[in-house]
file final-v4.cif (mmCIF, C-alpha atoms (C1' of nucleotides))
data_coords
loop_
_atom_site.group_PDB
_atom_site.id
_atom_site.type_symbol
_atom_site.label_atom_id
_atom_site.label_comp_id
_atom_site.auth_asym_id
_atom_site.auth_seq_id
_atom_site.Cartn_x
_atom_site.Cartn_y
_atom_site.Cartn_z
ATOM 1 C CA MET A 1 0.000 0.000 0.000
ATOM 2 C CA LEU A 2 1.394 3.297 -1.072
ATOM 3 C CA CYS A 3 0.816 5.573 1.849
ATOM 4 C CA TYR A 4 0.328 3.107 4.665
ATOM 5 C CA ASP A 5 3.317 4.325 6.653
ATOM 6 C CA ILE A 6 2.065 7.892 6.539
ATOM 7 C CA LEU A 7 -1.064 6.972 8.461
ATOM 8 C CA THR A 8 -1.557 7.915 12.063
ATOM 9 C CA ARG A 9 -2.496 5.482 14.801
ATOM 10 C CA ASN A 10 -6.251 6.019 14.565
ATOM 11 C CA GLN A 11 -6.244 5.969 10.786
ATOM 12 C CA ARG A 12 -4.306 2.735 10.782
ATOM 13 C CA HIS A 13 -6.662 1.104 13.277
ATOM 14 C CA VAL A 14 -9.644 1.956 11.099
ATOM 15 C CA LEU A 15 -7.971 0.836 7.897
ATOM 16 C CA ASP A 16 -6.743 -2.428 9.422
ATOM 17 C CA LEU A 17 -10.247 -3.223 10.575
ATOM 18 C CA LEU A 18 -11.782 -2.500 7.185
ATOM 19 C CA LEU A 19 -9.129 -4.562 5.459
ATOM 20 C CA ALA A 20 -9.768 -7.471 7.802
ATOM 21 C CA GLU A 21 -13.511 -7.393 7.256
ATOM 22 C CA LYS A 22 -14.377 -8.001 3.654
ATOM 23 C CA THR A 23 -17.614 -6.089 3.831
ATOM 24 C CA ALA A 24 -18.635 -2.511 4.561
ATOM 25 C CA LEU A 25 -18.994 -1.276 8.110
ATOM 26 C CA SER A 26 -20.891 1.688 9.485
ATOM 27 C CA ALA A 27 -18.971 4.312 11.402
ATOM 28 C CA TYR A 28 -20.627 3.246 14.633
ATOM 29 C CA THR A 29 -19.810 -0.406 14.058
ATOM 30 C CA ILE A 30 -16.218 0.620 13.518
ATOM 31 C CA LEU A 31 -16.368 2.574 16.740
ATOM 32 C CA ASP A 32 -17.615 -0.427 18.673
ATOM 33 C CA ARG A 33 -14.978 -2.727 17.230
ATOM 34 C CA LEU A 34 -12.240 -0.266 18.057
ATOM 35 C CA ARG A 35 -13.257 0.462 21.635
ATOM 36 C CA ILE A 36 -10.723 -2.182 22.617
ATOM 37 C CA LYS A 37 -8.092 0.009 20.981
ATOM 38 C CA GLY A 38 -9.188 3.014 22.996
ATOM 39 C CA PHE A 39 -11.716 4.596 20.666
ATOM 40 C CA ARG A 40 -14.476 6.356 22.566
ATOM 41 C CA ALA A 41 -16.263 8.803 20.272
ATOM 42 C CA PRO A 42 -17.712 8.817 16.745
ATOM 43 C CA LEU A 43 -15.514 11.695 15.722
ATOM 44 C CA GLN A 44 -12.416 9.603 16.114
ATOM 45 C CA VAL A 45 -13.813 7.260 13.508
ATOM 46 C CA TYR A 46 -15.175 9.926 11.186
ATOM 47 C CA ARG A 47 -11.931 11.866 11.179
ATOM 48 C CA ALA A 48 -9.885 8.799 10.379
ATOM 49 C CA LEU A 49 -12.308 7.847 7.629
ATOM 50 C CA GLU A 50 -12.161 11.315 6.158
ATOM 51 C CA LYS A 51 -8.433 11.043 5.717
ATOM 52 C CA LEU A 52 -8.526 7.483 4.430
ATOM 53 C CA ILE A 53 -11.153 8.425 1.860
ATOM 54 C CA LYS A 54 -9.074 11.383 0.742
ATOM 55 C CA LEU A 55 -6.140 9.024 0.235
ATOM 56 C CA GLY A 56 -8.321 6.649 -1.749
ATOM 57 C CA LEU A 57 -7.796 3.803 0.669
ATOM 58 C CA VAL A 58 -11.412 3.677 1.767
ATOM 59 C CA HIS A 59 -14.647 4.312 -0.095
ATOM 60 C CA ARG A 60 -17.970 5.429 1.228
ATOM 61 C CA LEU A 61 -21.053 3.551 0.121
ATOM 62 C CA GLU A 62 -23.707 6.221 -0.086
ATOM 63 C CA SER A 63 -26.604 3.845 -0.292
ATOM 64 C CA LEU A 64 -25.527 2.046 2.869
ATOM 65 C CA ASN A 65 -24.011 4.831 4.950
ATOM 66 C CA ALA A 66 -21.071 2.508 5.313
ATOM 67 C CA PHE A 67 -17.391 2.330 4.535
ATOM 68 C CA ILE A 68 -15.239 -0.263 2.832
ATOM 69 C CA ALA A 69 -11.534 -0.631 2.180
ATOM 70 C CA CYS A 70 -10.553 -0.070 -1.408
ATOM 71 C CA SER A 71 -9.943 -3.377 -3.084
ATOM 72 C CA ARG A 72 -7.285 -1.936 -5.358
ATOM 73 C CA PRO A 73 -5.292 0.395 -3.150
ATOM 74 C CA GLU A 74 -2.268 -0.115 -5.345
ATOM 75 C CA CYS A 75 -3.923 1.809 -8.156
ATOM 76 C CA GLU A 76 -3.070 5.452 -8.195
ATOM 77 C CA GLU A 77 -6.273 6.344 -9.934
ATOM 78 C CA HIS A 78 -9.417 4.434 -10.697
ATOM 79 C CA SER A 79 -11.221 5.220 -13.877
ATOM 80 C CA LEU A 80 -14.474 4.958 -12.002
ATOM 81 C CA ILE A 81 -15.221 3.650 -8.547
ATOM 82 C CA ALA A 82 -18.326 1.548 -8.628
ATOM 83 C CA PHE A 83 -19.947 -1.166 -6.561
ATOM 84 C CA VAL A 84 -22.376 -3.979 -6.847
ATOM 85 C CA ILE A 85 -24.143 -4.791 -3.605
ATOM 86 C CA CYS A 86 -26.024 -8.025 -3.086
ATOM 87 C CA ARG A 87 -29.310 -7.588 -1.251
ATOM 88 C CA LYS A 88 -29.296 -11.166 -0.039
ATOM 89 C CA CYS A 89 -25.802 -11.901 1.186
ATOM 90 C CA SER A 90 -24.699 -8.261 1.570
ATOM 91 C CA ASN A 91 -21.558 -9.015 -0.346
ATOM 92 C CA ILE A 92 -20.009 -6.011 -2.014
ATOM 93 C CA ILE A 93 -17.817 -6.063 -5.076
ATOM 94 C CA GLU A 94 -15.916 -3.061 -6.285
ATOM 95 C CA PHE A 95 -15.462 -2.744 -10.003
ATOM 96 C CA ASP A 96 -13.795 -0.517 -12.458
ATOM 97 C CA ASN A 97 -15.060 -0.072 -15.984
ATOM 98 C CA GLY A 98 -13.399 2.251 -18.434
ATOM 99 C CA VAL A 99 -16.207 2.055 -20.965
ATOM 100 C CA ILE A 100 -18.843 3.208 -18.514
ATOM 101 C CA ASP A 101 -16.500 5.877 -17.289
ATOM 102 C CA ASP A 102 -16.048 7.117 -20.853
ATOM 103 C CA ASN A 103 -19.817 7.127 -21.390
ATOM 104 C CA VAL A 104 -20.304 9.214 -18.276
ATOM 105 C CA LYS A 105 -17.506 11.632 -19.136
ATOM 106 C CA LYS A 106 -18.885 12.067 -22.633
ATOM 107 C CA HIS A 107 -22.351 12.749 -21.331
ATOM 108 C CA MET A 108 -20.977 15.288 -18.877
ATOM 109 C CA GLN A 109 -19.319 17.084 -21.762
ATOM 110 C CA THR A 110 -22.512 17.241 -23.739
ATOM 111 C CA ILE A 111 -24.386 18.804 -20.836
ATOM 112 C CA ASN A 112 -21.430 20.993 -19.937
ATOM 113 C CA PHE A 113 -20.952 19.703 -16.411
ATOM 114 C CA TRP A 114 -17.600 19.403 -14.606
ATOM 115 C CA PRO A 115 -17.733 16.167 -12.650
ATOM 116 C CA GLN A 116 -15.741 15.768 -9.439
ATOM 117 C CA ASP A 117 -17.112 12.611 -7.835
ATOM 118 C CA THR A 118 -19.148 9.889 -9.438
ATOM 119 C CA ILE A 119 -21.192 7.536 -7.343
ATOM 120 C CA LEU A 120 -22.273 4.331 -9.017
ATOM 121 C CA GLU A 121 -23.850 1.734 -6.785
ATOM 122 C CA ILE A 122 -25.834 -1.142 -8.165
ATOM 123 C CA ARG A 123 -28.031 -3.135 -5.834
ATOM 124 C CA GLY A 124 -29.365 -6.513 -6.772
ATOM 125 C CA ILE A 125 -28.650 -10.214 -6.434
ATOM 126 C CA CYS A 126 -25.229 -11.733 -6.919
ATOM 127 C CA ALA A 127 -24.535 -14.866 -8.898
ATOM 128 C CA GLY A 128 -24.139 -17.054 -5.842
ATOM 129 C CA CYS A 129 -27.413 -16.015 -4.255
ATOM 130 C CA HIS A 130 -29.305 -16.130 -7.518
ATOM 131 C CA SER A 131 -28.446 -19.770 -8.062
ATOM 132 C CA PHE A 132 -30.173 -20.646 -4.776
ATOM 133 C CA VAL A 133 -33.548 -19.414 -6.039
ATOM 134 C CA MET B 1 -49.266 12.495 -14.242
ATOM 135 C CA LEU B 2 -50.355 8.949 -14.514
ATOM 136 C CA CYS B 3 -51.330 7.950 -11.008
ATOM 137 C CA TYR B 4 -51.882 11.342 -9.430
ATOM 138 C CA ASP B 5 -55.534 10.689 -8.634
ATOM 139 C CA ILE B 6 -54.680 7.489 -6.846
ATOM 140 C CA LEU B 7 -52.626 9.321 -4.280
ATOM 141 C CA THR B 8 -53.822 9.876 -0.757
ATOM 142 C CA ARG B 9 -53.932 13.235 0.958
ATOM 143 C CA ASN B 10 -50.521 12.977 2.590
ATOM 144 C CA GLN B 11 -48.883 11.605 -0.499
ATOM 145 C CA ARG B 12 -50.302 14.413 -2.567
ATOM 146 C CA HIS B 13 -49.114 17.055 -0.115
ATOM 147 C CA VAL B 14 -45.574 15.707 -0.284
ATOM 148 C CA LEU B 15 -45.604 15.390 -4.055
ATOM 149 C CA ASP B 16 -47.049 18.859 -4.553
ATOM 150 C CA LEU B 17 -44.332 20.341 -2.388
ATOM 151 C CA LEU B 18 -41.563 18.529 -4.222
ATOM 152 C CA LEU B 19 -42.990 19.549 -7.567
ATOM 153 C CA ALA B 20 -43.166 23.179 -6.464
ATOM 154 C CA GLU B 21 -39.568 23.220 -5.275
ATOM 155 C CA LYS B 22 -37.183 22.516 -8.066
ATOM 156 C CA THR B 23 -34.526 21.088 -5.803
ATOM 157 C CA ALA B 24 -34.256 18.164 -3.409
ATOM 158 C CA LEU B 25 -35.580 18.391 0.125
ATOM 159 C CA SER B 26 -34.738 16.347 3.183
ATOM 160 C CA ALA B 27 -37.529 14.485 4.904
ATOM 161 C CA TYR B 28 -37.340 16.828 7.859
ATOM 162 C CA THR B 29 -37.516 19.900 5.671
ATOM 163 C CA ILE B 30 -40.576 18.423 4.054
ATOM 164 C CA LEU B 31 -42.027 17.847 7.495
ATOM 165 C CA ASP B 32 -41.485 21.470 8.495
ATOM 166 C CA ARG B 33 -43.011 22.808 5.314
ATOM 167 C CA LEU B 34 -46.052 20.593 5.720
ATOM 168 C CA ARG B 35 -46.756 21.363 9.361
ATOM 169 C CA ILE B 36 -49.195 23.937 8.078
ATOM 170 C CA LYS B 37 -51.040 21.081 6.407
ATOM 171 C CA GLY B 38 -51.219 19.160 9.651
ATOM 172 C CA PHE B 39 -48.095 17.031 9.441
ATOM 173 C CA ARG B 40 -46.619 16.372 12.867
ATOM 174 C CA ALA B 41 -44.215 13.430 12.691
ATOM 175 C CA PRO B 42 -41.400 12.231 10.422
ATOM 176 C CA LEU B 43 -43.183 8.989 9.696
ATOM 177 C CA GLN B 44 -45.949 10.800 7.904
ATOM 178 C CA VAL B 45 -43.352 12.086 5.493
ATOM 179 C CA TYR B 46 -41.379 8.881 5.180
ATOM 180 C CA ARG B 47 -44.465 6.822 4.488
ATOM 181 C CA ALA B 48 -45.670 9.156 1.781
ATOM 182 C CA LEU B 49 -42.203 9.202 0.250
ATOM 183 C CA GLU B 50 -42.032 5.426 0.285
ATOM 184 C CA LYS B 51 -45.165 5.186 -1.814
ATOM 185 C CA LEU B 52 -44.195 7.993 -4.159
ATOM 186 C CA ILE B 53 -40.819 6.395 -4.769
ATOM 187 C CA LYS B 54 -42.451 3.062 -5.467
ATOM 188 C CA LEU B 55 -44.671 4.795 -8.039
ATOM 189 C CA GLY B 56 -41.625 6.408 -9.622
ATOM 190 C CA LEU B 57 -42.889 9.924 -8.925
ATOM 191 C CA VAL B 58 -40.084 10.757 -6.515
ATOM 192 C CA HIS B 59 -36.434 9.762 -6.405
ATOM 193 C CA ARG B 60 -34.122 9.523 -3.458
ATOM 194 C CA LEU B 61 -30.712 11.124 -3.710
ATOM 195 C CA GLU B 62 -28.474 8.837 -1.726
ATOM 196 C CA SER B 63 -25.572 11.208 -1.527
ATOM 197 C CA LEU B 64 -27.757 13.960 -0.083
ATOM 198 C CA ASN B 65 -30.271 12.043 2.015
ATOM 199 C CA ALA B 66 -32.840 14.030 0.166
ATOM 200 C CA PHE B 67 -35.798 13.572 -2.143
ATOM 201 C CA ILE B 68 -36.755 15.119 -5.445
ATOM 202 C CA ALA B 69 -39.770 14.899 -7.726
ATOM 203 C CA CYS B 70 -39.145 12.942 -10.887
ATOM 204 C CA SER B 71 -38.672 15.320 -13.764
ATOM 205 C CA ARG B 72 -40.188 12.888 -16.220
ATOM 206 C CA PRO B 73 -43.151 11.390 -14.410
ATOM 207 C CA GLU B 74 -44.893 10.778 -17.691
ATOM 208 C CA CYS B 75 -42.348 8.074 -18.552
ATOM 209 C CA GLU B 76 -43.417 4.638 -17.559
ATOM 210 C CA GLU B 77 -39.879 3.424 -17.264
ATOM 211 C CA HIS B 78 -36.556 5.204 -17.288
ATOM 212 C CA SER B 79 -33.619 3.463 -18.832
ATOM 213 C CA LEU B 80 -31.482 4.698 -15.951
ATOM 214 C CA ILE B 81 -32.196 7.253 -13.289
ATOM 215 C CA ALA B 82 -29.198 9.464 -12.819
ATOM 216 C CA PHE B 83 -28.395 12.884 -11.442
ATOM 217 C CA VAL B 84 -25.825 15.593 -11.661
ATOM 218 C CA ILE B 85 -25.568 17.713 -8.541
ATOM 219 C CA CYS B 86 -23.805 21.067 -8.529
ATOM 220 C CA ARG B 87 -21.683 21.649 -5.438
ATOM 221 C CA LYS B 88 -21.923 25.410 -5.789
ATOM 222 C CA CYS B 89 -25.519 26.226 -6.587
ATOM 223 C CA SER B 90 -27.001 22.916 -5.389
ATOM 224 C CA ASN B 91 -28.913 22.612 -8.591
ATOM 225 C CA ILE B 92 -29.865 19.072 -9.495
ATOM 226 C CA ILE B 93 -30.510 17.770 -12.976
ATOM 227 C CA GLU B 94 -31.971 14.378 -13.666
ATOM 228 C CA PHE B 95 -30.795 12.664 -16.795
ATOM 229 C CA ASP B 96 -31.401 9.517 -18.687
ATOM 230 C CA ASN B 97 -28.789 7.906 -20.866
ATOM 231 C CA GLY B 98 -29.400 4.716 -22.751
ATOM 232 C CA VAL B 99 -25.759 4.172 -23.649
ATOM 233 C CA ILE B 100 -24.611 4.252 -20.049
ATOM 234 C CA ASP B 101 -27.488 2.019 -19.094
ATOM 235 C CA ASP B 102 -26.602 -0.482 -21.809
ATOM 236 C CA ASN B 103 -22.991 -0.629 -20.762
ATOM 237 C CA VAL B 104 -23.897 -1.052 -17.112
ATOM 238 C CA LYS B 105 -26.255 -3.886 -18.011
ATOM 239 C CA LYS B 106 -23.573 -5.434 -20.164
ATOM 240 C CA HIS B 107 -21.073 -5.292 -17.342
ATOM 241 C CA MET B 108 -23.593 -6.820 -14.967
ATOM 242 C CA GLN B 109 -23.979 -9.737 -17.364
ATOM 243 C CA THR B 110 -20.270 -10.336 -17.564
ATOM 244 C CA ILE B 111 -19.973 -10.490 -13.775
ATOM 245 C CA ASN B 112 -23.208 -12.446 -13.483
ATOM 246 C CA PHE B 113 -25.056 -9.974 -11.302
ATOM 247 C CA TRP B 114 -28.811 -9.343 -11.378
ATOM 248 C CA PRO B 115 -29.275 -5.610 -10.950
ATOM 249 C CA GLN B 116 -32.410 -4.216 -9.306
ATOM 250 C CA ASP B 117 -31.597 -0.574 -8.598
ATOM 251 C CA THR B 118 -28.841 1.509 -10.046
ATOM 252 C CA ILE B 119 -27.716 4.657 -8.301
ATOM 253 C CA LEU B 120 -25.742 7.110 -10.401
ATOM 254 C CA GLU B 121 -25.049 10.476 -8.847
ATOM 255 C CA ILE B 122 -22.417 12.795 -10.188
ATOM 256 C CA ARG B 123 -21.275 15.709 -8.077
ATOM 257 C CA GLY B 124 -19.365 18.592 -9.528
ATOM 258 C CA ILE B 125 -19.815 22.056 -10.959
ATOM 259 C CA CYS B 126 -22.525 22.983 -13.412
ATOM 260 C CA ALA B 127 -22.004 25.070 -16.517
ATOM 261 C CA GLY B 128 -23.475 28.204 -15.011
ATOM 262 C CA CYS B 129 -21.324 28.111 -11.881
ATOM 263 C CA HIS B 130 -18.208 27.161 -13.784
ATOM 264 C CA SER B 131 -18.410 30.242 -15.958
ATOM 265 C CA PHE B 132 -18.190 32.433 -12.840
ATOM 266 C CA VAL B 133 -14.760 31.102 -11.931
ATOM 267 C "C1'" DA C 1 -75.983 -2.287 5.463
ATOM 268 C "C1'" DG C 2 -72.639 -5.493 7.640
ATOM 269 C "C1'" DT C 3 -68.488 -8.041 7.713
ATOM 270 C "C1'" DA C 4 -63.843 -8.760 6.571
ATOM 271 C "C1'" DC C 5 -59.831 -7.174 4.620
ATOM 272 C "C1'" DT C 6 -56.352 -3.990 3.278
ATOM 273 C "C1'" DA C 7 -54.092 0.271 3.248
ATOM 274 C "C1'" DA C 8 -53.181 4.646 5.273
ATOM 275 C "C1'" DT C 9 -52.772 7.476 9.308
ATOM 276 C "C1'" DG C 10 -51.505 9.358 13.965
ATOM 277 C "C1'" DT C 11 -48.424 9.195 17.821
ATOM 278 C "C1'" DT C 12 -44.786 8.059 20.998
ATOM 279 C "C1'" DA C 13 -40.505 6.463 21.550
ATOM 280 C "C1'" DT C 14 -36.153 5.166 20.075
ATOM 281 C "C1'" DG C 15 -32.016 4.284 17.375
ATOM 282 C "C1'" DC C 16 -28.649 5.359 13.933
ATOM 283 C "C1'" DT C 17 -25.729 8.759 11.437
ATOM 284 C "C1'" DA C 18 -22.953 12.903 11.425
ATOM 285 C "C1'" DT C 19 -20.870 17.335 12.825
ATOM 286 C "C1'" DG C 20 -19.891 21.809 15.761
ATOM 287 C "C1'" DA C 21 -17.017 23.601 19.181
ATOM 288 C "C1'" DT C 22 -13.250 23.659 22.213
ATOM 289 C "C1'" DA C 23 -9.092 22.218 24.326
ATOM 290 C "C1'" DT C 24 -4.984 19.439 24.254
ATOM 291 C "C1'" DA C 25 -1.294 16.836 22.265
ATOM 292 C "C1'" DT C 26 1.705 15.494 18.619
ATOM 293 C "C1'" DT C 27 4.451 16.152 14.539
ATOM 294 C "C1'" DA C 28 7.158 18.681 11.034
ATOM 295 C "C1'" DA C 29 9.665 22.764 9.505
ATOM 296 C "C1'" DC C 30 12.518 26.372 10.199
ATOM 297 C "C1'" DG D 1 13.181 25.550 20.714
ATOM 298 C "C1'" DT D 2 9.582 28.200 18.653
ATOM 299 C "C1'" DT D 3 6.084 28.143 15.281
ATOM 300 C "C1'" DA D 4 2.704 26.191 12.468
ATOM 301 C "C1'" DA D 5 0.074 22.485 10.998
ATOM 302 C "C1'" DT D 6 -2.081 18.297 11.936
ATOM 303 C "C1'" DA D 7 -4.193 14.904 14.801
ATOM 304 C "C1'" DT D 8 -6.523 13.774 19.010
ATOM 305 C "C1'" DA D 9 -9.938 13.689 22.905
ATOM 306 C "C1'" DT D 10 -14.308 14.940 24.609
ATOM 307 C "C1'" DC D 11 -18.810 16.926 25.207
ATOM 308 C "C1'" DA D 12 -22.744 18.468 23.155
ATOM 309 C "C1'" DT D 13 -25.940 18.712 19.567
ATOM 310 C "C1'" DA D 14 -28.010 18.229 15.028
ATOM 311 C "C1'" DG D 15 -29.918 15.437 11.356
ATOM 312 C "C1'" DC D 16 -31.850 11.125 9.465
ATOM 313 C "C1'" DA D 17 -34.802 6.965 9.910
ATOM 314 C "C1'" DT D 18 -37.696 3.253 11.796
ATOM 315 C "C1'" DA D 19 -40.135 0.112 15.492
ATOM 316 C "C1'" DA D 20 -44.312 -0.568 17.726
ATOM 317 C "C1'" DC D 21 -48.934 0.118 18.484
ATOM 318 C "C1'" DA D 22 -53.519 2.114 18.168
ATOM 319 C "C1'" DT D 23 -56.809 4.108 15.138
ATOM 320 C "C1'" DT D 24 -59.146 5.364 11.004
ATOM 321 C "C1'" DA D 25 -60.503 5.088 6.263
ATOM 322 C "C1'" DG D 26 -61.316 2.836 2.075
ATOM 323 C "C1'" DT D 27 -62.555 -1.569 -0.724
ATOM 324 C "C1'" DA D 28 -64.832 -5.844 -1.784
ATOM 325 C "C1'" DC D 29 -67.957 -9.153 -1.089
ATOM 326 C "C1'" DT D 30 -72.264 -11.127 0.713
#

call {"tool": "encode", "arguments": {"input": "final-v4.cif", "output": "structure tokens"}}
result
Amino acid sequence: MLCYDILTRNQRHVLDLLLAEKTALSAYTILDRLRIKGFRAPLQVYRALEKLIKLGLVHRLESLNAFIACSRPECEEHSLIAFVICRKCSNIIEFDNGVIDDNVKKHMQTINFWPQDTILEIRGICAGCHSFV
Amino acid sequence: MLCYDILTRNQRHVLDLLLAEKTALSAYTILDRLRIKGFRAPLQVYRALEKLIKLGLVHRLESLNAFIACSRPECEEHSLIAFVICRKCSNIIEFDNGVIDDNVKKHMQTINFWPQDTILEIRGICAGCHSFV
DNA sequence: AGTACTAATGTTATGCTATGATATATTAAC
DNA sequence: GTTAATATATCATAGCATAACATTAGTACT
């Protein structure tokens, strides 16, 4: 990981937890899990998350109010950060698709909009869960 | 509007308000504006919103925790419901893009995922605000 | 009309999510 | 070592959302 050694104690605790879990956690769940490390208030979590998100090591899932470690922290830049979220098993998969990204960028040009952040979250049923129907 | 006459009193109050405002409102803002109509509790708003969203007359903006009237309620089905949100003027524009939708669907097929809801919200600076820089 | 069913409403209470404000401590730069 | 910037700790508060339960209103059928 590129900037792991730059992280502070709290930031590293939060990132380590999110890397250990494979799924997304809410800020308050993170708080509870890190009480053993001395965390006592939501702000400790939110401030660490803020930095980790800025570094691209963690993403926020807007539709879940939850946070997940980036699955490709080695990448300097994603073309587009996007997620599929299974409603049954709650599994979350991050994906990166240059074609979709190009489509979006092109559309933004046609409507004359300067995009800064793009949120793409797709909720549905994953392959594993679908085969159980 | 297709199903306007089916709506109940509370649902109609909420929809009318959202149609009058051009922007997105939080549930609690809606509650405050509708106190004059007799609204007293958040649940009255949330329940009306739930129905309106199910009917496709209102959309939820996940990145804002806010709600906005659909700008194309006459459409039975959108190919993809997507928004651009200006960080400066807070203006919100709904858009519909078949190419993006097709490529998302295509990607979902390749990863074997059954999509139900797709959230696409793009935050940045709109043309009007950008020209002031 | 009366019964049964379904959907919507009203209300209280509660829980989850997020940030403001202030003071202290730590780190980096000069 | 002083300064400046960043991170931390803590308390308080604001904002968002739903559980649970009681009541009312509308619909369908006999």

call {"tool": "interface_residues", "arguments": {"input": "final-v4.cif", "of": "chain B", "to": "chain A", "cutoff": "12 Å", "atoms": "all atoms listed in the file", "output": "VMD selection string"}}
result
chain B and resid 60 to 66 80 to 88 91 to 131

call {"tool": "atom_distance", "arguments": {"input": "final-v4.cif", "atom1": "atom CA of Leu57 of chain A", "atom2": "atom CA of Asn10 of chain A"}}
result
14.2 Å

call {"tool": "closest_residue", "arguments": {"input": "final-v4.cif", "among": "D:DT3, D:DT18, D:DT8, D:DT13", "to": "chain B", "atoms": "all atoms listed in the file"}}
result
D:DT18

call {"tool": "residues_around", "arguments": {"input": "final-v4.cif", "residues": "segment 17-24 of chain C", "least_positions_apart": "5", "cutoff": "12 Å", "atoms": "all atoms listed in the file", "output": "PDB file with C-alpha atoms (C1' of nucleotides), in the coordinates of the input"}}
result
ATOM      1  CA  SER A  26     -20.891   1.688   9.485  1.00  0.00           C
ATOM      2  CA  ALA A  27     -18.971   4.312  11.402  1.00  0.00           C
ATOM      3  CA  TYR A  28     -20.627   3.246  14.633  1.00  0.00           C
ATOM      4  CA  THR A  29     -19.810  -0.406  14.058  1.00  0.00           C
ATOM      5  CA  ALA A  41     -16.263   8.803  20.272  1.00  0.00           C
ATOM      6  CA  PRO A  42     -17.712   8.817  16.745  1.00  0.00           C
ATOM      7  CA  LEU A  43     -15.514  11.695  15.722  1.00  0.00           C
ATOM      8  CA  GLN A  44     -12.416   9.603  16.114  1.00  0.00           C
ATOM      9  CA  VAL A  45     -13.813   7.260  13.508  1.00  0.00           C
ATOM     10  CA  TYR A  46     -15.175   9.926  11.186  1.00  0.00           C
ATOM     11  CA  ARG A  47     -11.931  11.866  11.179  1.00  0.00           C
ATOM     12  CA  GLU A  62     -23.707   6.221  -0.086  1.00  0.00           C
ATOM     13  CA  LEU A  64     -25.527   2.046   2.869  1.00  0.00           C
ATOM     14  CA  ASN A  65     -24.011   4.831   4.950  1.00  0.00           C
ATOM     15  CA  ALA A  66     -21.071   2.508   5.313  1.00  0.00           C
TER      16      ALA A  66
ATOM     17  CA  ASN B  65     -30.271  12.043   2.015  1.00  0.00           C
TER      18      ASN B  65
ATOM     19  C1'  DA D   7      -4.193  14.904  14.801  1.00  0.00           C
ATOM     20  C1'  DT D   8      -6.523  13.774  19.010  1.00  0.00           C
ATOM     21  C1'  DA D   9      -9.938  13.689  22.905  1.00  0.00           C
ATOM     22  C1'  DT D  10     -14.308  14.940  24.609  1.00  0.00           C
ATOM     23  C1'  DC D  11     -18.810  16.926  25.207  1.00  0.00           C
ATOM     24  C1'  DA D  12     -22.744  18.468  23.155  1.00  0.00           C
ATOM     25  C1'  DT D  13     -25.940  18.712  19.567  1.00  0.00           C
ATOM     26  C1'  DA D  14     -28.010  18.229  15.028  1.00  0.00           C
ATOM     27  C1'  DG D  15     -29.918  15.437  11.356  1.00  0.00           C
ATOM     28  C1'  DC D  16     -31.850  11.125   9.465  1.00  0.00           C
ATOM     29  C1'  DA D  17     -34.802   6.965   9.910  1.00  0.00           C
TER      30       DA D  17
END

call {"tool": "resolve_selection", "arguments": {"input": "final-v4.cif", "expression": "the PyMOL selection byres ((chain C) within 9 of (chain B))", "output": "ChimeraX atom specification"}}
result
/C:8-11

call {"tool": "atom_distance", "arguments": {"input": "final-v4.cif", "atom1": "atom CA of Leu15 of chain A", "atom2": "atom C1' of DA5 of chain D"}}
result
23.3 Å

call {"tool": "atom_distance", "arguments": {"input": "final-v4.cif", "atom1": "atom C1' of DC16 of chain C", "atom2": "atom CA of Leu19 of chain A"}}
result
23.5 Å

call {"tool": "decode", "arguments": {"input": "final-v4.cif", "residues": "segment 91-113 of chain B", "atoms": "C-alpha atoms", "output": "mmCIF file, in the first residue's frame"}}
result
data_model
loop_
_atom_site.group_PDB
_atom_site.id
_atom_site.type_symbol
_atom_site.label_atom_id
_atom_site.label_comp_id
_atom_site.auth_asym_id
_atom_site.auth_seq_id
_atom_site.Cartn_x
_atom_site.Cartn_y
_atom_site.Cartn_z
ATOM 1 C CA ASN B 91 -28.913 22.612 -8.591
ATOM 2 C CA ILE B 92 -29.865 19.072 -9.495
ATOM 3 C CA ILE B 93 -30.510 17.770 -12.976
ATOM 4 C CA GLU B 94 -31.971 14.378 -13.666
ATOM 5 C CA PHE B 95 -30.795 12.664 -16.795
ATOM 6 C CA ASP B 96 -31.401 9.517 -18.687
ATOM 7 C CA ASN B 97 -28.789 7.906 -20.866
ATOM 8 C CA GLY B 98 -29.400 4.716 -22.751
ATOM 9 C CA VAL B 99 -25.759 4.172 -23.649
ATOM 10 C CA ILE B 100 -24.611 4.252 -20.049
ATOM 11 C CA ASP B 101 -27.488 2.019 -19.094
ATOM 12 C CA ASP B 102 -26.602 -0.482 -21.809
ATOM 13 C CA ASN B 103 -22.991 -0.629 -20.762
ATOM 14 C CA VAL B 104 -23.897 -1.052 -17.112
ATOM 15 C CA LYS B 105 -26.255 -3.886 -18.011
ATOM 16 C CA LYS B 106 -23.573 -5.434 -20.164
ATOM 17 C CA HIS B 107 -21.073 -5.292 -17.342
ATOM 18 C CA MET B 108 -23.593 -6.820 -14.967
ATOM 19 C CA GLN B 109 -23.979 -9.737 -17.364
ATOM 20 C CA THR B 110 -20.270 -10.336 -17.564
ATOM 21 C CA ILE B 111 -19.973 -10.490 -13.775
ATOM 22 C CA ASN B 112 -23.208 -12.446 -13.483
ATOM 23 C CA PHE B 113 -25.056 -9.974 -11.302
#
